[in-house]
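Right, one structure below, let's go through it.
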Amino acid sequence: MSPHPVARAGIAATKPVPYTKFSSKLTGSLDQISKMIEDNAKMIDSIQEVALELTGSIGALHTLTVKYAGTANRVLDVLLPFMQKIPLIPPKLTQFATDLEKLTQRIIDEQAATNKTITDVRTGLQTGDVSKLQNHAGALQNLTKTLTSILPN
């Protein structure tokens, strides 16, 4: 054995180089994120509370809408055949009633899907389940588009 250290190819003996540890960087970032959450906790909680109330209001409005859409649909199912056979009724009125019947039927047909979306969003808000909220973001956008399309100009 030789008393001298053996040099290996490509590796040179050097002094340790100072460096920043990844864990230090991450800890600093996490501390900043925690501080931001603490600073904005009241705002975050208020947004959640308002969203819960809005979800409850939308649920109640949906229930009311479905109830009256069902009533209107049953009335129109009886009236439309008569309206279409009586020549004195203007065609525009008959067409309006036909369109209204289609609209009420659409509301009734979408009831289960809308109820599920409202219930799931409310549950997600109550439990803090972000994935449940994200899963229904598209459904809520579609619901908004549907409601907007129903509104008169």
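Identifiers in the structure tokens: chain A, B, ... in order shown; residue index from 1 per chain; ligand index from 1 in order shown.
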
DSSP helix (DSSP H, G or I) selection over chain A, as a ChimeraX atom specification: /A:22-39,41-85,91-109,111-127,130-135,137-150

Residues near region 134-146 of chain A, anyone? I mean within 12 Å using only C-alpha atoms, not counting same-chain ones fewer than 4 positions away, as a PDB file with N, CA and C atoms, in the first residue's frame.
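Printed below is selection39.pdb as written:
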```pdb
ATOM      1  N   THR A  55     -75.120  28.645  -2.180  1.00  0.00           N
ATOM      2  CA  THR A  55     -75.496  27.291  -2.579  1.00  0.00           C
ATOM      3  C   THR A  55     -76.868  26.927  -2.016  1.00  0.00           C
ATOM      4  N   ILE A  58     -79.456  28.902  -4.020  1.00  0.00           N
ATOM      5  CA  ILE A  58     -79.637  28.309  -5.352  1.00  0.00           C
ATOM      6  C   ILE A  58     -80.449  27.018  -5.248  1.00  0.00           C
ATOM      7  N   HIS A  62     -83.939  26.456  -7.034  1.00  0.00           N
ATOM      8  CA  HIS A  62     -84.088  25.307  -7.940  1.00  0.00           C
ATOM      9  C   HIS A  62     -85.331  24.495  -7.582  1.00  0.00           C
ATOM     10  N   LEU A 103     -89.425  24.132 -22.564  1.00  0.00           N
ATOM     11  CA  LEU A 103     -88.586  24.706 -21.518  1.00  0.00           C
ATOM     12  C   LEU A 103     -88.875  24.080 -20.159  1.00  0.00           C
ATOM     13  N   ARG A 106     -87.530  20.648 -20.049  1.00  0.00           N
ATOM     14  CA  ARG A 106     -86.068  20.663 -19.909  1.00  0.00           C
ATOM     15  C   ARG A 106     -85.661  20.871 -18.453  1.00  0.00           C
ATOM     16  N   ILE A 107     -86.340  21.764 -17.771  1.00  0.00           N
ATOM     17  CA  ILE A 107     -86.070  22.010 -16.347  1.00  0.00           C
ATOM     18  C   ILE A 107     -86.321  20.733 -15.542  1.00  0.00           C
ATOM     19  N   GLU A 110     -83.627  18.007 -16.217  1.00  0.00           N
ATOM     20  CA  GLU A 110     -82.313  18.317 -15.659  1.00  0.00           C
ATOM     21  C   GLU A 110     -82.308  18.348 -14.129  1.00  0.00           C
ATOM     22  N   GLN A 111     -83.451  18.108 -13.516  1.00  0.00           N
ATOM     23  CA  GLN A 111     -83.600  18.235 -12.067  1.00  0.00           C
ATOM     24  C   GLN A 111     -82.597  17.376 -11.294  1.00  0.00           C
ATOM     25  N   ALA A 113     -79.676  15.981 -12.162  1.00  0.00           N
ATOM     26  CA  ALA A 113     -78.282  16.394 -12.340  1.00  0.00           C
ATOM     27  C   ALA A 113     -78.003  17.703 -11.597  1.00  0.00           C
ATOM     28  N   THR A 114     -78.948  18.626 -11.662  1.00  0.00           N
ATOM     29  CA  THR A 114     -78.765  19.904 -10.974  1.00  0.00           C
ATOM     30  C   THR A 114     -78.757  19.700  -9.462  1.00  0.00           C
ATOM     31  N   ASN A 115     -79.663  18.867  -8.958  1.00  0.00           N
ATOM     32  CA  ASN A 115     -79.676  18.569  -7.515  1.00  0.00           C
ATOM     33  C   ASN A 115     -78.354  17.966  -7.067  1.00  0.00           C
ATOM     34  N   LYS A 116     -77.820  17.046  -7.855  1.00  0.00           N
ATOM     35  CA  LYS A 116     -76.552  16.403  -7.500  1.00  0.00           C
ATOM     36  C   LYS A 116     -75.431  17.435  -7.457  1.00  0.00           C
ATOM     37  N   THR A 117     -75.379  18.305  -8.438  1.00  0.00           N
ATOM     38  CA  THR A 117     -74.336  19.328  -8.475  1.00  0.00           C
ATOM     39  C   THR A 117     -74.434  20.235  -7.251  1.00  0.00           C
ATOM     40  N   ILE A 118     -75.634  20.718  -6.955  1.00  0.00           N
ATOM     41  CA  ILE A 118     -75.827  21.614  -5.811  1.00  0.00           C
ATOM     42  C   ILE A 118     -75.442  20.917  -4.510  1.00  0.00           C
ATOM     43  N   THR A 119     -75.880  19.677  -4.345  1.00  0.00           N
ATOM     44  CA  THR A 119     -75.578  18.915  -3.127  1.00  0.00           C
ATOM     45  C   THR A 119     -74.079  18.662  -2.996  1.00  0.00           C
ATOM     46  N   ASP A 120     -73.433  18.253  -4.075  1.00  0.00           N
ATOM     47  CA  ASP A 120     -71.999  17.975  -4.030  1.00  0.00           C
ATOM     48  C   ASP A 120     -71.176  19.235  -3.747  1.00  0.00           C
ATOM     49  N   VAL A 121     -71.559  20.345  -4.354  1.00  0.00           N
ATOM     50  CA  VAL A 121     -70.840  21.598  -4.110  1.00  0.00           C
ATOM     51  C   VAL A 121     -70.999  22.011  -2.650  1.00  0.00           C
ATOM     52  N   ARG A 122     -72.206  21.909  -2.141  1.00  0.00           N
ATOM     53  CA  ARG A 122     -72.434  22.257  -0.730  1.00  0.00           C
ATOM     54  C   ARG A 122     -71.604  21.356   0.194  1.00  0.00           C
ATOM     55  N   THR A 123     -71.586  20.063  -0.091  1.00  0.00           N
ATOM     56  CA  THR A 123     -70.790  19.131   0.706  1.00  0.00           C
ATOM     57  C   THR A 123     -69.309  19.482   0.617  1.00  0.00           C
ATOM     58  N   GLY A 124     -68.832  19.784  -0.579  1.00  0.00           N
ATOM     59  CA  GLY A 124     -67.438  20.177  -0.763  1.00  0.00           C
ATOM     60  C   GLY A 124     -67.085  21.422   0.029  1.00  0.00           C
ATOM     61  N   LEU A 125     -68.000  22.388   0.053  1.00  0.00           N
ATOM     62  CA  LEU A 125     -67.774  23.615   0.829  1.00  0.00           C
ATOM     63  C   LEU A 125     -67.790  23.334   2.328  1.00  0.00           C
ATOM     64  N   GLY A 128     -64.564  21.082   3.040  1.00  0.00           N
ATOM     65  CA  GLY A 128     -63.281  21.558   2.537  1.00  0.00           C
ATOM     66  C   GLY A 128     -62.691  20.631   1.481  1.00  0.00           C
ATOM     67  N   ASP A 129     -63.540  19.873   0.801  1.00  0.00           N
ATOM     68  CA  ASP A 129     -63.098  18.925  -0.222  1.00  0.00           C
ATOM     69  C   ASP A 129     -62.919  19.664  -1.554  1.00  0.00           C
ATOM     70  N   VAL A 130     -61.695  20.120  -1.795  1.00  0.00           N
ATOM     71  CA  VAL A 130     -61.406  20.917  -2.986  1.00  0.00           C
ATOM     72  C   VAL A 130     -61.641  20.122  -4.260  1.00  0.00           C
ATOM     73  N   ILE A 150     -82.156  30.409 -20.862  1.00  0.00           N
ATOM     74  CA  ILE A 150     -83.592  30.394 -20.608  1.00  0.00           C
ATOM     75  C   ILE A 150     -84.134  31.814 -20.425  1.00  0.00           C
ATOM     76  N   LEU A 151     -83.293  32.680 -19.879  1.00  0.00           N
ATOM     77  CA  LEU A 151     -83.741  34.045 -19.578  1.00  0.00           C
ATOM     78  C   LEU A 151     -84.159  34.780 -20.846  1.00  0.00           C
TER      79      LEU A 151
END
```

Gap from CA of Pro81 (chain A) to CA of Asp99 (chain A) - Å, one decimal: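 We find that CA of Pro81 (chain A) and CA of Asp99 (chain A) lie 13.7 Å from each other.
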
List the spatial neighbours of Gln105 (chain A) as an mmCIF file with N, CA, C and O atoms, in the first residue's frame - criterion: any atom at most 8 Å away, only C-alpha atoms, same-chain residues fewer than 3 positions off excluded.
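Saved file part-v5.cif follows:
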```cif
data_model
loop_
_atom_site.group_PDB
_atom_site.id
_atom_site.type_symbol
_atom_site.label_atom_id
_atom_site.label_comp_id
_atom_site.auth_asym_id
_atom_site.auth_seq_id
_atom_site.Cartn_x
_atom_site.Cartn_y
_atom_site.Cartn_z
ATOM 1 N N ALA A 69 -92.330 24.617 -12.650
ATOM 2 C CA ALA A 69 -92.160 24.085 -14.003
ATOM 3 C C ALA A 69 -93.027 22.840 -14.174
ATOM 4 O O ALA A 69 -93.641 22.640 -15.230
ATOM 5 N N GLY A 70 -93.102 22.010 -13.146
ATOM 6 C CA GLY A 70 -93.953 20.822 -13.204
ATOM 7 C C GLY A 70 -95.416 21.179 -13.351
ATOM 8 O O GLY A 70 -96.141 20.579 -14.156
ATOM 9 N N ASN A 73 -95.956 22.613 -16.821
ATOM 10 C CA ASN A 73 -95.844 21.554 -17.808
ATOM 11 C C ASN A 73 -97.115 20.715 -17.880
ATOM 12 O O ASN A 73 -97.589 20.370 -18.971
ATOM 13 N N GLU A 101 -93.593 24.794 -23.054
ATOM 14 C CA GLU A 101 -93.704 23.392 -22.629
ATOM 15 C C GLU A 101 -92.349 22.698 -22.746
ATOM 16 O O GLU A 101 -91.945 21.942 -21.862
ATOM 17 N N LYS A 102 -91.608 22.966 -23.833
ATOM 18 C CA LYS A 102 -90.277 22.384 -24.006
ATOM 19 C C LYS A 102 -89.332 22.870 -22.899
ATOM 20 O O LYS A 102 -88.534 22.089 -22.377
ATOM 21 N N ILE A 108 -87.419 20.079 -15.830
ATOM 22 C CA ILE A 108 -87.782 18.846 -15.121
ATOM 23 C C ILE A 108 -86.749 17.745 -15.413
ATOM 24 O O ILE A 108 -86.307 17.037 -14.503
ATOM 25 N N ASP A 109 -86.359 17.616 -16.687
ATOM 26 C CA ASP A 109 -85.400 16.576 -17.080
ATOM 27 C C ASP A 109 -84.025 16.775 -16.431
ATOM 28 O O ASP A 109 -83.334 15.798 -16.146
#
```

Selection near Met83 (chain A), 12 Å with only C-alpha atoms, sequence-local residues under 2 positions removed, as a PyMOL selection string: chain A and resi 76-81+85-98

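The residue set within 12 Å of Val50 (chain A), counting only C-alpha atoms and dropping same-chain residues fewer than 6 places from it, reads Met43, Ile44, Gly56, Ser57, Arg122, Leu125 and Gln126 of chain A.
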
The selected residues should be written to file as a CSV table (one decimal), in the first residue's frame (atoms: all heavy atoms).
```csv
chain,number,residue,atom,x,y,z
A,43,MET,N,-60.9,36.5,5.3
A,43,MET,CA,-61.4,36.6,4.0
A,43,MET,C,-61.7,35.3,3.4
A,43,MET,O,-62.8,35.1,2.8
A,43,MET,CB,-60.4,37.3,3.1
A,43,MET,CG,-60.8,37.4,1.6
A,43,MET,SD,-62.1,38.5,1.2
A,43,MET,CE,-61.3,40.0,1.2
A,44,ILE,N,-60.8,34.3,3.6
A,44,ILE,CA,-61.1,32.9,3.0
A,44,ILE,C,-62.3,32.3,3.7
A,44,ILE,O,-63.2,31.8,3.0
A,44,ILE,CB,-59.8,32.1,3.3
A,44,ILE,CG1,-58.7,32.5,2.5
A,44,ILE,CG2,-60.1,30.6,3.0
A,44,ILE,CD1,-57.3,31.9,2.8
A,56,GLY,N,-77.1,27.3,-0.8
A,56,GLY,CA,-78.4,27.1,-0.2
A,56,GLY,C,-79.5,27.8,-0.9
A,56,GLY,O,-80.6,27.3,-1.1
A,57,SER,N,-79.2,29.1,-1.2
A,57,SER,CA,-80.2,29.9,-2.0
A,57,SER,C,-80.5,29.3,-3.3
A,57,SER,O,-81.7,29.2,-3.8
A,57,SER,CB,-79.7,31.3,-2.1
A,57,SER,OG,-79.6,31.9,-0.8
A,122,ARG,N,-72.2,21.9,-2.1
A,122,ARG,CA,-72.4,22.3,-0.7
A,122,ARG,C,-71.6,21.4,0.2
A,122,ARG,O,-71.0,21.8,1.1
A,122,ARG,CB,-73.9,22.2,-0.4
A,122,ARG,CG,-74.2,22.6,1.0
A,122,ARG,CD,-75.7,22.9,1.2
A,122,ARG,NE,-76.0,23.4,2.5
A,122,ARG,CZ,-75.8,24.7,2.8
A,122,ARG,NH1,-75.4,25.6,1.9
A,122,ARG,NH2,-76.1,25.2,4.1
A,125,LEU,N,-68.0,22.4,0.1
A,125,LEU,CA,-67.8,23.6,0.8
A,125,LEU,C,-67.8,23.3,2.3
A,125,LEU,O,-67.0,23.9,3.1
A,125,LEU,CB,-68.8,24.7,0.5
A,125,LEU,CG,-68.7,25.3,-0.9
A,125,LEU,CD1,-70.0,26.1,-1.2
A,125,LEU,CD2,-67.5,26.2,-0.9
A,126,GLN,N,-68.7,22.5,2.8
A,126,GLN,CA,-68.8,22.2,4.2
A,126,GLN,C,-67.6,21.4,4.7
A,126,GLN,O,-67.2,21.6,5.8
A,126,GLN,CB,-70.1,21.4,4.5
A,126,GLN,CG,-71.3,22.2,4.4
A,126,GLN,CD,-72.6,21.4,4.4
A,126,GLN,OE1,-72.6,20.2,4.0
A,126,GLN,NE2,-73.6,21.9,5.0
```

Distance of CA of Asp45 (chain A) from CA of Ile33 (chain A), expressed in Å to one decimal place: 16.5 Å

Closest of A:Leu64, A:Val75, A:Leu100, A:Leu52 to Thr127 (chain A) - atom-to-atom distances counting only C-alpha atoms: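 Ranked by minimum distance to Thr127 (chain A), first place goes to A:Leu52.
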